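Note: the block below is coords_5.txt and it holds compact mmCIF, N, CA and C atoms and all ligand atoms.
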```
# COMPACT_ATOMS: atom_id res chain seq x y z
N MET A 1 11.24 -6.63 -14.09
CA MET A 1 10.81 -7.94 -14.57
C MET A 1 10.50 -7.87 -16.07
N ALA A 2 10.95 -8.90 -16.78
CA ALA A 2 10.74 -8.91 -18.23
C ALA A 2 9.26 -9.04 -18.56
N GLY A 3 8.86 -8.41 -19.66
CA GLY A 3 7.45 -8.42 -20.07
C GLY A 3 7.06 -9.74 -20.73
N ASN A 4 5.76 -9.88 -20.94
CA ASN A 4 5.27 -11.15 -21.46
C ASN A 4 4.63 -11.06 -22.84
N LYS A 5 4.88 -9.95 -23.54
CA LYS A 5 4.39 -9.93 -24.93
C LYS A 5 5.42 -9.31 -25.88
N THR A 6 5.32 -9.75 -27.12
CA THR A 6 6.19 -9.22 -28.17
C THR A 6 5.40 -9.16 -29.46
N LEU A 7 5.90 -8.38 -30.41
CA LEU A 7 5.20 -8.24 -31.69
C LEU A 7 6.05 -8.87 -32.79
N THR A 8 5.42 -9.71 -33.58
CA THR A 8 6.11 -10.24 -34.74
C THR A 8 5.39 -9.84 -36.02
N MET A 9 6.16 -9.76 -37.09
CA MET A 9 5.58 -9.71 -38.43
C MET A 9 6.20 -10.84 -39.22
N ILE A 10 5.39 -11.54 -40.01
CA ILE A 10 5.92 -12.42 -41.05
C ILE A 10 6.00 -11.52 -42.29
N LYS A 11 7.22 -11.33 -42.80
CA LYS A 11 7.47 -10.30 -43.80
C LYS A 11 7.02 -10.75 -45.20
N PRO A 12 6.88 -9.80 -46.15
CA PRO A 12 6.31 -10.13 -47.46
C PRO A 12 6.96 -11.32 -48.18
N GLY A 13 8.27 -11.47 -48.09
CA GLY A 13 8.94 -12.57 -48.79
C GLY A 13 8.50 -13.93 -48.29
N ALA A 14 8.39 -14.05 -46.96
CA ALA A 14 7.99 -15.34 -46.37
C ALA A 14 6.53 -15.64 -46.64
N VAL A 15 5.70 -14.59 -46.69
CA VAL A 15 4.28 -14.80 -47.05
C VAL A 15 4.19 -15.27 -48.50
N LYS A 16 4.93 -14.58 -49.39
CA LYS A 16 4.92 -14.93 -50.82
C LYS A 16 5.41 -16.37 -51.04
N ASN A 17 6.39 -16.78 -50.26
CA ASN A 17 6.95 -18.14 -50.40
C ASN A 17 6.16 -19.21 -49.64
N LYS A 18 5.00 -18.81 -49.11
CA LYS A 18 4.07 -19.75 -48.45
C LYS A 18 4.68 -20.40 -47.20
N HIS A 19 5.37 -19.56 -46.41
CA HIS A 19 5.96 -20.06 -45.17
C HIS A 19 5.16 -19.67 -43.92
N ILE A 20 3.96 -19.08 -44.10
CA ILE A 20 3.18 -18.64 -42.93
C ILE A 20 2.94 -19.82 -41.97
N GLY A 21 2.44 -20.92 -42.51
CA GLY A 21 2.08 -22.06 -41.65
C GLY A 21 3.28 -22.61 -40.91
N ALA A 22 4.39 -22.79 -41.61
CA ALA A 22 5.60 -23.36 -40.99
C ALA A 22 6.14 -22.43 -39.90
N ILE A 23 6.11 -21.12 -40.16
CA ILE A 23 6.65 -20.17 -39.18
C ILE A 23 5.74 -20.11 -37.94
N ILE A 24 4.44 -20.09 -38.16
CA ILE A 24 3.52 -20.08 -37.01
C ILE A 24 3.68 -21.36 -36.19
N ASP A 25 3.90 -22.47 -36.86
CA ASP A 25 4.12 -23.74 -36.15
C ASP A 25 5.38 -23.64 -35.26
N ARG A 26 6.46 -23.09 -35.79
CA ARG A 26 7.68 -22.90 -34.97
C ARG A 26 7.40 -22.05 -33.73
N ILE A 27 6.62 -20.99 -33.96
CA ILE A 27 6.31 -20.05 -32.87
C ILE A 27 5.51 -20.76 -31.78
N GLU A 28 4.50 -21.51 -32.18
CA GLU A 28 3.67 -22.21 -31.19
C GLU A 28 4.45 -23.32 -30.50
N GLN A 29 5.25 -24.06 -31.26
CA GLN A 29 6.05 -25.16 -30.67
C GLN A 29 7.05 -24.63 -29.66
N ALA A 30 7.47 -23.36 -29.83
CA ALA A 30 8.43 -22.75 -28.89
C ALA A 30 7.74 -22.22 -27.63
N GLY A 31 6.43 -22.38 -27.54
CA GLY A 31 5.73 -22.03 -26.30
C GLY A 31 5.05 -20.67 -26.29
N PHE A 32 5.02 -20.00 -27.44
CA PHE A 32 4.33 -18.71 -27.50
C PHE A 32 2.85 -18.94 -27.83
N ARG A 33 2.00 -18.13 -27.20
CA ARG A 33 0.57 -18.13 -27.56
C ARG A 33 0.31 -16.93 -28.47
N ILE A 34 -0.37 -17.19 -29.57
CA ILE A 34 -0.73 -16.10 -30.48
C ILE A 34 -2.03 -15.51 -29.96
N VAL A 35 -1.96 -14.29 -29.42
CA VAL A 35 -3.13 -13.72 -28.76
C VAL A 35 -3.86 -12.68 -29.62
N ALA A 36 -3.24 -12.25 -30.72
CA ALA A 36 -3.90 -11.41 -31.71
C ALA A 36 -3.14 -11.60 -33.01
N ILE A 37 -3.87 -11.63 -34.13
CA ILE A 37 -3.19 -11.87 -35.41
C ILE A 37 -4.02 -11.27 -36.54
N LYS A 38 -3.33 -10.73 -37.54
CA LYS A 38 -4.04 -10.24 -38.72
C LYS A 38 -3.12 -10.24 -39.94
N SER A 39 -3.76 -10.26 -41.11
CA SER A 39 -3.05 -10.13 -42.38
C SER A 39 -3.38 -8.76 -42.95
N LEU A 40 -2.36 -8.05 -43.43
CA LEU A 40 -2.58 -6.74 -44.03
C LEU A 40 -1.41 -6.38 -44.92
N LYS A 41 -1.59 -5.34 -45.74
CA LYS A 41 -0.49 -4.83 -46.54
C LYS A 41 -0.16 -3.44 -46.02
N LEU A 42 1.09 -3.21 -45.64
CA LEU A 42 1.51 -1.90 -45.15
C LEU A 42 1.65 -0.92 -46.32
N SER A 43 1.18 0.30 -46.14
CA SER A 43 1.50 1.36 -47.10
C SER A 43 2.95 1.79 -46.85
N LYS A 44 3.52 2.55 -47.78
CA LYS A 44 4.89 3.05 -47.56
C LYS A 44 4.94 3.94 -46.31
N ILE A 45 3.91 4.75 -46.15
CA ILE A 45 3.86 5.66 -44.99
C ILE A 45 3.83 4.85 -43.69
N ALA A 46 3.06 3.75 -43.69
CA ALA A 46 2.96 2.92 -42.48
C ALA A 46 4.29 2.22 -42.19
N ALA A 47 4.95 1.72 -43.25
CA ALA A 47 6.25 1.06 -43.05
C ALA A 47 7.28 2.06 -42.54
N GLU A 48 7.26 3.28 -43.06
CA GLU A 48 8.18 4.33 -42.59
C GLU A 48 7.94 4.63 -41.12
N GLU A 49 6.68 4.69 -40.74
CA GLU A 49 6.32 4.99 -39.35
C GLU A 49 6.76 3.85 -38.42
N PHE A 50 6.48 2.61 -38.83
CA PHE A 50 6.84 1.47 -37.99
C PHE A 50 8.35 1.43 -37.74
N TYR A 51 9.14 1.69 -38.80
CA TYR A 51 10.61 1.57 -38.72
C TYR A 51 11.28 2.94 -38.52
N GLN A 52 10.58 3.89 -37.90
CA GLN A 52 11.10 5.27 -37.79
C GLN A 52 12.47 5.33 -37.13
N GLU A 53 12.78 4.40 -36.22
CA GLU A 53 14.10 4.44 -35.55
C GLU A 53 15.25 4.27 -36.56
N HIS A 54 14.95 3.70 -37.74
CA HIS A 54 15.99 3.43 -38.74
C HIS A 54 16.00 4.47 -39.87
N ARG A 55 15.27 5.58 -39.72
CA ARG A 55 15.07 6.49 -40.87
C ARG A 55 16.36 7.07 -41.43
N ASP A 56 17.41 7.16 -40.60
CA ASP A 56 18.68 7.72 -41.09
C ASP A 56 19.66 6.65 -41.58
N LYS A 57 19.26 5.40 -41.54
CA LYS A 57 20.17 4.31 -41.95
C LYS A 57 20.19 4.18 -43.47
N PRO A 58 21.31 3.71 -44.03
CA PRO A 58 21.41 3.58 -45.49
C PRO A 58 20.42 2.58 -46.09
N PHE A 59 19.96 1.62 -45.28
CA PHE A 59 19.05 0.60 -45.81
C PHE A 59 17.58 0.97 -45.66
N PHE A 60 17.29 2.18 -45.15
CA PHE A 60 15.90 2.53 -44.83
C PHE A 60 14.97 2.48 -46.05
N GLY A 61 15.42 3.07 -47.17
CA GLY A 61 14.59 3.10 -48.38
C GLY A 61 14.24 1.70 -48.86
N GLU A 62 15.24 0.85 -48.90
CA GLU A 62 15.05 -0.54 -49.35
C GLU A 62 14.12 -1.29 -48.38
N LEU A 63 14.30 -1.04 -47.08
CA LEU A 63 13.48 -1.69 -46.06
C LEU A 63 12.00 -1.32 -46.22
N VAL A 64 11.76 -0.03 -46.42
CA VAL A 64 10.38 0.45 -46.59
C VAL A 64 9.76 -0.11 -47.87
N GLU A 65 10.53 -0.11 -48.95
CA GLU A 65 10.04 -0.69 -50.22
C GLU A 65 9.65 -2.15 -50.03
N PHE A 66 10.54 -2.91 -49.40
CA PHE A 66 10.28 -4.34 -49.19
C PHE A 66 9.07 -4.57 -48.30
N MET A 67 9.01 -3.87 -47.17
CA MET A 67 7.95 -4.13 -46.20
C MET A 67 6.57 -3.70 -46.71
N SER A 68 6.55 -2.84 -47.74
CA SER A 68 5.26 -2.43 -48.31
C SER A 68 5.00 -3.12 -49.66
N SER A 69 5.80 -4.12 -49.99
CA SER A 69 5.71 -4.74 -51.32
C SER A 69 4.62 -5.81 -51.43
N GLY A 70 4.08 -6.27 -50.31
CA GLY A 70 3.06 -7.32 -50.35
C GLY A 70 2.50 -7.53 -48.97
N PRO A 71 1.52 -8.44 -48.86
CA PRO A 71 0.90 -8.66 -47.55
C PRO A 71 1.86 -9.21 -46.51
N ILE A 72 1.59 -8.89 -45.26
CA ILE A 72 2.33 -9.41 -44.11
C ILE A 72 1.33 -10.03 -43.14
N ILE A 73 1.86 -10.76 -42.17
CA ILE A 73 1.08 -11.17 -41.00
C ILE A 73 1.67 -10.42 -39.81
N ALA A 74 0.82 -9.79 -39.01
CA ALA A 74 1.26 -9.17 -37.75
C ALA A 74 0.59 -9.93 -36.61
N ALA A 75 1.34 -10.18 -35.53
CA ALA A 75 0.77 -10.94 -34.41
C ALA A 75 1.38 -10.52 -33.09
N VAL A 76 0.57 -10.54 -32.05
CA VAL A 76 1.02 -10.35 -30.67
C VAL A 76 1.24 -11.74 -30.06
N LEU A 77 2.44 -11.95 -29.53
CA LEU A 77 2.81 -13.24 -28.95
C LEU A 77 2.97 -13.10 -27.44
N TYR A 78 2.48 -14.11 -26.72
CA TYR A 78 2.43 -14.07 -25.26
C TYR A 78 3.25 -15.22 -24.68
N LYS A 79 4.17 -14.89 -23.78
CA LYS A 79 5.02 -15.89 -23.11
C LYS A 79 5.83 -15.15 -22.05
N ASP A 80 6.25 -15.83 -21.00
CA ASP A 80 7.19 -15.21 -20.07
C ASP A 80 8.45 -14.84 -20.85
N ASN A 81 9.04 -13.69 -20.52
CA ASN A 81 10.31 -13.29 -21.14
C ASN A 81 10.21 -13.26 -22.68
N ALA A 82 9.06 -12.76 -23.16
CA ALA A 82 8.71 -12.89 -24.58
C ALA A 82 9.74 -12.28 -25.54
N VAL A 83 10.18 -11.06 -25.26
CA VAL A 83 11.06 -10.36 -26.21
C VAL A 83 12.36 -11.14 -26.42
N GLU A 84 13.02 -11.46 -25.32
CA GLU A 84 14.32 -12.14 -25.40
C GLU A 84 14.17 -13.54 -26.01
N ASP A 85 13.17 -14.28 -25.55
CA ASP A 85 13.00 -15.65 -26.05
C ASP A 85 12.65 -15.65 -27.54
N PHE A 86 11.89 -14.65 -27.97
CA PHE A 86 11.53 -14.63 -29.40
C PHE A 86 12.72 -14.23 -30.25
N ARG A 87 13.55 -13.32 -29.76
CA ARG A 87 14.76 -12.95 -30.52
C ARG A 87 15.68 -14.17 -30.67
N LYS A 88 15.72 -15.00 -29.65
CA LYS A 88 16.53 -16.24 -29.75
C LYS A 88 15.93 -17.18 -30.80
N LEU A 89 14.61 -17.28 -30.82
CA LEU A 89 13.93 -18.18 -31.76
C LEU A 89 14.14 -17.73 -33.21
N ILE A 90 14.18 -16.41 -33.44
CA ILE A 90 14.31 -15.96 -34.84
C ILE A 90 15.77 -15.91 -35.30
N GLY A 91 16.72 -15.67 -34.42
CA GLY A 91 18.12 -15.63 -34.81
C GLY A 91 18.58 -14.25 -35.28
N SER A 92 19.83 -14.18 -35.71
CA SER A 92 20.44 -12.90 -36.09
C SER A 92 19.76 -12.26 -37.30
N THR A 93 19.89 -10.94 -37.39
CA THR A 93 19.29 -10.18 -38.49
C THR A 93 19.72 -10.74 -39.84
N ASP A 94 21.01 -11.07 -39.97
CA ASP A 94 21.56 -11.64 -41.20
C ASP A 94 21.48 -13.17 -41.12
N PRO A 95 20.69 -13.80 -41.99
CA PRO A 95 20.53 -15.27 -41.89
C PRO A 95 21.86 -16.02 -42.02
N ALA A 96 22.84 -15.41 -42.68
CA ALA A 96 24.15 -16.06 -42.81
C ALA A 96 24.80 -16.23 -41.44
N GLN A 97 24.41 -15.36 -40.50
CA GLN A 97 24.97 -15.45 -39.15
C GLN A 97 24.01 -16.05 -38.13
N ALA A 98 22.81 -16.40 -38.58
CA ALA A 98 21.80 -16.94 -37.65
C ALA A 98 22.14 -18.38 -37.28
N GLU A 99 21.84 -18.73 -36.04
CA GLU A 99 22.14 -20.05 -35.52
C GLU A 99 21.27 -21.11 -36.21
N GLU A 100 21.77 -22.34 -36.27
CA GLU A 100 21.00 -23.46 -36.83
C GLU A 100 19.67 -23.60 -36.11
N GLY A 101 18.62 -23.88 -36.86
CA GLY A 101 17.32 -24.13 -36.25
C GLY A 101 16.51 -22.88 -35.97
N THR A 102 17.10 -21.69 -36.22
CA THR A 102 16.32 -20.46 -36.01
C THR A 102 15.45 -20.19 -37.23
N ILE A 103 14.41 -19.40 -37.03
CA ILE A 103 13.46 -19.11 -38.11
C ILE A 103 14.16 -18.39 -39.27
N ARG A 104 15.02 -17.43 -38.94
CA ARG A 104 15.70 -16.70 -40.02
C ARG A 104 16.68 -17.60 -40.76
N LYS A 105 17.34 -18.47 -40.04
CA LYS A 105 18.27 -19.40 -40.71
C LYS A 105 17.52 -20.22 -41.76
N ASP A 106 16.32 -20.65 -41.42
CA ASP A 106 15.59 -21.59 -42.28
C ASP A 106 14.68 -20.93 -43.31
N PHE A 107 14.26 -19.68 -43.07
CA PHE A 107 13.28 -19.09 -43.98
C PHE A 107 13.69 -17.74 -44.59
N ALA A 108 14.76 -17.11 -44.10
CA ALA A 108 15.15 -15.80 -44.64
C ALA A 108 15.83 -15.96 -45.98
N GLU A 109 15.63 -14.97 -46.84
CA GLU A 109 16.29 -14.96 -48.16
C GLU A 109 17.59 -14.18 -48.11
N SER A 110 17.66 -13.15 -47.26
CA SER A 110 18.83 -12.27 -47.18
C SER A 110 18.72 -11.44 -45.91
N LYS A 111 19.74 -10.62 -45.66
CA LYS A 111 19.72 -9.75 -44.47
C LYS A 111 18.54 -8.78 -44.51
N SER A 112 18.21 -8.27 -45.69
CA SER A 112 17.08 -7.33 -45.75
C SER A 112 15.75 -8.09 -45.79
N GLN A 113 15.71 -9.21 -46.51
CA GLN A 113 14.46 -9.97 -46.63
C GLN A 113 14.56 -11.18 -45.70
N ASN A 114 14.42 -10.88 -44.41
CA ASN A 114 14.80 -11.89 -43.41
C ASN A 114 13.61 -12.54 -42.67
N ALA A 115 12.53 -12.71 -43.40
CA ALA A 115 11.38 -13.57 -43.01
C ALA A 115 10.50 -13.04 -41.89
N VAL A 116 11.10 -12.59 -40.78
CA VAL A 116 10.28 -12.20 -39.63
C VAL A 116 10.87 -10.99 -38.90
N HIS A 117 9.98 -10.28 -38.22
CA HIS A 117 10.36 -9.22 -37.29
C HIS A 117 10.12 -9.69 -35.87
N GLY A 118 10.94 -9.23 -34.92
CA GLY A 118 10.67 -9.41 -33.50
C GLY A 118 11.07 -8.14 -32.75
N SER A 119 10.22 -7.70 -31.82
CA SER A 119 10.52 -6.50 -31.03
C SER A 119 11.86 -6.66 -30.32
N ASP A 120 12.59 -5.53 -30.13
CA ASP A 120 13.92 -5.62 -29.52
C ASP A 120 13.96 -5.26 -28.03
N SER A 121 12.83 -4.83 -27.45
CA SER A 121 12.77 -4.50 -26.02
C SER A 121 11.31 -4.48 -25.61
N ASP A 122 11.07 -4.48 -24.31
CA ASP A 122 9.68 -4.40 -23.83
C ASP A 122 9.03 -3.09 -24.26
N GLU A 123 9.83 -2.03 -24.27
CA GLU A 123 9.33 -0.71 -24.67
C GLU A 123 8.91 -0.73 -26.15
N SER A 124 9.76 -1.31 -27.00
CA SER A 124 9.41 -1.44 -28.43
C SER A 124 8.19 -2.33 -28.60
N ALA A 125 8.13 -3.42 -27.83
CA ALA A 125 6.99 -4.35 -27.94
C ALA A 125 5.68 -3.62 -27.66
N GLU A 126 5.69 -2.78 -26.65
CA GLU A 126 4.48 -2.02 -26.29
C GLU A 126 4.07 -1.12 -27.46
N ARG A 127 5.01 -0.38 -27.98
CA ARG A 127 4.72 0.52 -29.11
C ARG A 127 4.25 -0.27 -30.33
N GLU A 128 4.95 -1.36 -30.64
CA GLU A 128 4.68 -2.12 -31.87
C GLU A 128 3.35 -2.89 -31.78
N CYS A 129 3.02 -3.43 -30.60
CA CYS A 129 1.72 -4.11 -30.45
C CYS A 129 0.60 -3.10 -30.68
N HIS A 130 0.79 -1.88 -30.16
CA HIS A 130 -0.25 -0.87 -30.33
C HIS A 130 -0.25 -0.23 -31.71
N PHE A 131 0.82 -0.44 -32.47
CA PHE A 131 0.83 0.02 -33.86
C PHE A 131 -0.21 -0.78 -34.66
N PHE A 132 -0.32 -2.07 -34.36
CA PHE A 132 -1.21 -2.94 -35.14
C PHE A 132 -2.52 -3.27 -34.43
N PHE A 133 -2.52 -3.26 -33.10
CA PHE A 133 -3.67 -3.76 -32.34
C PHE A 133 -4.01 -2.81 -31.21
N SER A 134 -5.25 -2.99 -30.70
CA SER A 134 -5.70 -2.29 -29.51
C SER A 134 -5.54 -3.21 -28.31
N THR A 135 -5.34 -2.65 -27.14
CA THR A 135 -5.29 -3.46 -25.92
C THR A 135 -6.50 -4.40 -25.85
N LEU A 136 -7.66 -3.91 -26.31
CA LEU A 136 -8.89 -4.71 -26.27
C LEU A 136 -8.76 -6.01 -27.06
N ASP A 137 -7.88 -6.02 -28.09
CA ASP A 137 -7.75 -7.21 -28.93
C ASP A 137 -7.13 -8.39 -28.19
N TYR A 138 -6.33 -8.10 -27.15
CA TYR A 138 -5.66 -9.22 -26.47
C TYR A 138 -5.79 -9.19 -24.95
N LEU A 139 -6.48 -8.23 -24.41
CA LEU A 139 -6.57 -8.07 -22.95
C LEU A 139 -7.12 -9.32 -22.26
N ARG A 140 -8.16 -9.92 -22.85
CA ARG A 140 -8.81 -11.06 -22.19
C ARG A 140 -7.84 -12.22 -22.03
N VAL A 141 -6.86 -12.34 -22.92
CA VAL A 141 -5.92 -13.45 -22.85
C VAL A 141 -4.76 -13.14 -21.90
N MET A 142 -4.44 -11.86 -21.77
CA MET A 142 -3.27 -11.47 -20.98
C MET A 142 -3.57 -11.47 -19.49
N LYS A 143 -4.85 -11.35 -19.12
CA LYS A 143 -5.19 -11.22 -17.69
C LYS A 143 -5.55 -12.56 -17.09
N1 LIG A 201 18.05 -4.39 -42.48
C1 LIG A 201 18.66 -4.32 -43.73
N2 LIG A 201 20.02 -4.12 -43.78
C2 LIG A 201 20.79 -3.99 -42.67
C3 LIG A 201 20.18 -4.05 -41.40
C4 LIG A 201 18.80 -4.25 -41.34
O1 LIG A 201 18.00 -4.43 -44.75
O2 LIG A 201 22.02 -3.81 -42.79
C5 LIG A 201 16.60 -4.59 -42.40
C6 LIG A 201 16.23 -6.03 -42.00
O3 LIG A 201 15.03 -6.38 -42.68
C7 LIG A 201 16.00 -5.89 -40.51
C8 LIG A 201 15.35 -4.51 -40.43
O4 LIG A 201 16.04 -3.74 -41.41
O5 LIG A 201 15.18 -6.93 -40.00
C9 LIG A 201 15.46 -3.82 -39.08
O6 LIG A 201 16.83 -3.79 -38.69
P1 LIG A 201 17.27 -4.14 -37.22
O7 LIG A 201 18.69 -3.73 -37.07
O8 LIG A 201 16.28 -3.57 -36.26
O9 LIG A 201 17.23 -5.74 -37.20
P2 LIG A 201 16.23 -6.74 -36.48
O10 LIG A 201 15.84 -6.12 -35.16
O11 LIG A 201 15.05 -6.94 -37.40
O12 LIG A 201 17.02 -8.00 -36.30
MG MG A 202 15.04 -4.25 -34.75
```

If you convert what's in this file into C-alpha cells, what do you get?
Ligand code: UDP
Ligand code: MG
Amino acid sequence: MAGNKTLTMIKPGAVKNKHIGAIIDRIEQAGFRIVAIKSLKLSKIAAEEFYQEHRDKPFFGELVEFMSSGPIIAAVLYKDNAVEDFRKLIGSTDPAQAEEGTIRKDFAESKSQNAVHGSDSDESAERECHFFFSTLDYLRVMK
C-alpha cells in the first residue's frame, strides 16, 4: 500500500523570487496537509548528504552549490498516495517538459533551478522526512 507522506523543499530560487506563498497554496489546494514545516539554509555538507544518491552525476557540484546558496523551506506533506500525487503536482524535473499547471512549469527557472523537490518513493520519503524532522514533529497529525 502506498504511503501517506512525502518531503518537499521549496528551493532557494523560488524562495528568492517570493514564490513561497503561491507554491504552498498550490500544495494545499491539491489536498495535501502540511504537517511539519521549517525555513533553513543548507550547508554544502548537508546538501551533499541529502542528495548523496546523485554524488557521481555530472550535475552534482552545481546542484550542491545551488541548494546551499540561500534559504529553503522544508515540509512534510500528508495525503493518501502522497509520493505519486505530489510528483504529478510538481511535474517533470525539466520545466520545459513539465505539464501545464504543474508547480515546476509555473515557477521553475531551469532544469537545475526547478523550484521544488519531491520524494521519489516511500523509502526516500521516510529518509528525507527524517533528514529534516523527527517523528515527534508530525506524529500527532499522522495518527
Ligand atoms: N538536476 C540537474 N540537472 C540534471 C538533473 C537534475 O541540475 O540533469 C538537479 C535538479 O535540481 C533536480 C535534482 O538535481 O531536481 C535531483 O535530480 P532528480 O533526477 O532526482 O530529479 P527530481 O527527482 O528532483 O525530479
Ligand atoms: Mg529525485

- Contacts to ligand MG 202 (chain A) at 6.5 Å cut-off (all atoms listed in the file) as an NGL selection string: :A and (118-120)

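If only C-alpha atoms are the atoms counted, then among A:Asn114, A:Thr102, A:Gln29, A:Asn4 the closest residue to Lys79 (chain A) is A:Asn4.
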
- Hey, which residues come within 7 Å of ligand LIG 201 (chain A) if we count only N, CA and C atoms and all ligand atoms? Could you give them as a list in words?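 Here is the list of contacting residues: Phe59, Phe60, Glu62, Leu63, Gly91, Ser92, Thr93, Asp94, Lys111, Ser112, Gln113, Asn114, Ala115, Val116, His117, Gly118, Ser119 and Asp120 of chain A.
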
- Query: If you run DSSP on this backbone, which residues of chain A come out as helix (DSSP H, G or I), and could you give them as a VMD selection string?
  - Reply: chain A and resid 12 to 16 20 to 29 44 to 50 52 to 54 60 to 67 82 to 90 95 to 97 103 to 107 122 to 132 135 to 142

- Which of these residues is nearest to Lys16 (chain A), using only N, CA and C atoms: A:Arg33, A:Ile45, A:His54, A:Gly70?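 So, comparing all the options, the nearest one is A:Gly70.
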
- Message: Under the rule that only C-alpha atoms are counted, which of A:Glu49, A:Asp122, A:Asp56, A:Glu109 is the nearest residue to Ala96 (chain A)?
- Response: A:Glu109

- Item | For Ala74 (chain A): contacts at 8 Å, all atoms listed in the file, fewer than 3 positions along chain excluded, given as a list in words |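 Near Ala74 (chain A), the qualifying residues are Leu7, Thr8, Met9, Ile10, Lys11, Ala36, Ile37, Lys38, Ser39, Leu40, Pro71, Leu77 and Phe132 of chain A.
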
- Message: Could you tell me how far CA of Glu100 (chain A) sits from atom N of Glu128 (chain A), in Å to one decimal place?
- Response: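 CA of Glu100 (chain A) lies at a distance of 28.0 Å from atom N of Glu128 (chain A).
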
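In this structure, atom N of Val64 (chain A) sits 24.8 Å away from CA of Lys5 (chain A).
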
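Checking A:Thr6, A:Ser68, A:Ser121, A:Glu126 one by one against Val35 (chain A), counting only C-alpha atoms, you find the shortest gap at A:Thr6.
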
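Of the residues under consideration (A:Ala14, A:Ala30, A:Ala2, A:Val76), A:Ala14 shows the shortest atom-to-atom contact distance to Phe107 (chain A) when counting all atoms listed in the file.
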
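A straight line drawn from atom N of Ala82 (chain A) to atom C of Lys57 (chain A) is 28.7 Å long.
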
- Query: Among chain A, which residues carry a DSSP assignment of strand (DSSP E or B), reported as a PyMOL selection string?
  - Reply: chain A and resi 5-10+33-40+72-78+116-118

Taking all heavy atoms as the atom set, what does region 64-69 of chain A look like once completed, written as a compact mmCIF listing (two decimals), keeping the file's coordinate frame?
```txt
# COMPACT_ATOMS: atom_id res chain seq x y z
N VAL A 64 11.76 -0.03 -46.42
CA VAL A 64 10.38 0.45 -46.59
C VAL A 64 9.76 -0.11 -47.87
O VAL A 64 8.60 -0.55 -47.87
CB VAL A 64 10.35 2.00 -46.56
CG1 VAL A 64 9.01 2.54 -47.06
CG2 VAL A 64 10.66 2.51 -45.15
N GLU A 65 10.53 -0.11 -48.95
CA GLU A 65 10.04 -0.69 -50.22
C GLU A 65 9.65 -2.15 -50.03
O GLU A 65 8.58 -2.59 -50.44
CB GLU A 65 11.14 -0.62 -51.31
CG GLU A 65 11.32 0.73 -51.95
CD GLU A 65 10.09 1.23 -52.68
OE1 GLU A 65 9.36 0.40 -53.27
OE2 GLU A 65 9.84 2.45 -52.64
N PHE A 66 10.54 -2.91 -49.40
CA PHE A 66 10.28 -4.34 -49.19
C PHE A 66 9.07 -4.57 -48.30
O PHE A 66 8.18 -5.36 -48.62
CB PHE A 66 11.53 -5.00 -48.60
CG PHE A 66 11.29 -6.43 -48.17
CD1 PHE A 66 10.83 -7.39 -49.06
CD2 PHE A 66 11.53 -6.81 -46.85
CE1 PHE A 66 10.60 -8.70 -48.66
CE2 PHE A 66 11.31 -8.11 -46.44
CZ PHE A 66 10.84 -9.06 -47.34
N MET A 67 9.01 -3.87 -47.17
CA MET A 67 7.95 -4.13 -46.20
C MET A 67 6.57 -3.70 -46.71
O MET A 67 5.56 -4.17 -46.20
CB MET A 67 8.26 -3.45 -44.87
CG MET A 67 9.40 -4.09 -44.11
SD MET A 67 9.18 -5.86 -43.79
CE MET A 67 7.70 -5.87 -42.77
N SER A 68 6.55 -2.84 -47.74
CA SER A 68 5.26 -2.43 -48.31
C SER A 68 5.00 -3.12 -49.66
O SER A 68 4.08 -2.76 -50.37
CB SER A 68 5.22 -0.90 -48.47
OG SER A 68 6.29 -0.45 -49.28
N SER A 69 5.80 -4.12 -49.99
CA SER A 69 5.71 -4.74 -51.32
C SER A 69 4.62 -5.81 -51.43
O SER A 69 4.30 -6.26 -52.53
CB SER A 69 7.07 -5.35 -51.70
OG SER A 69 7.36 -6.48 -50.87
```
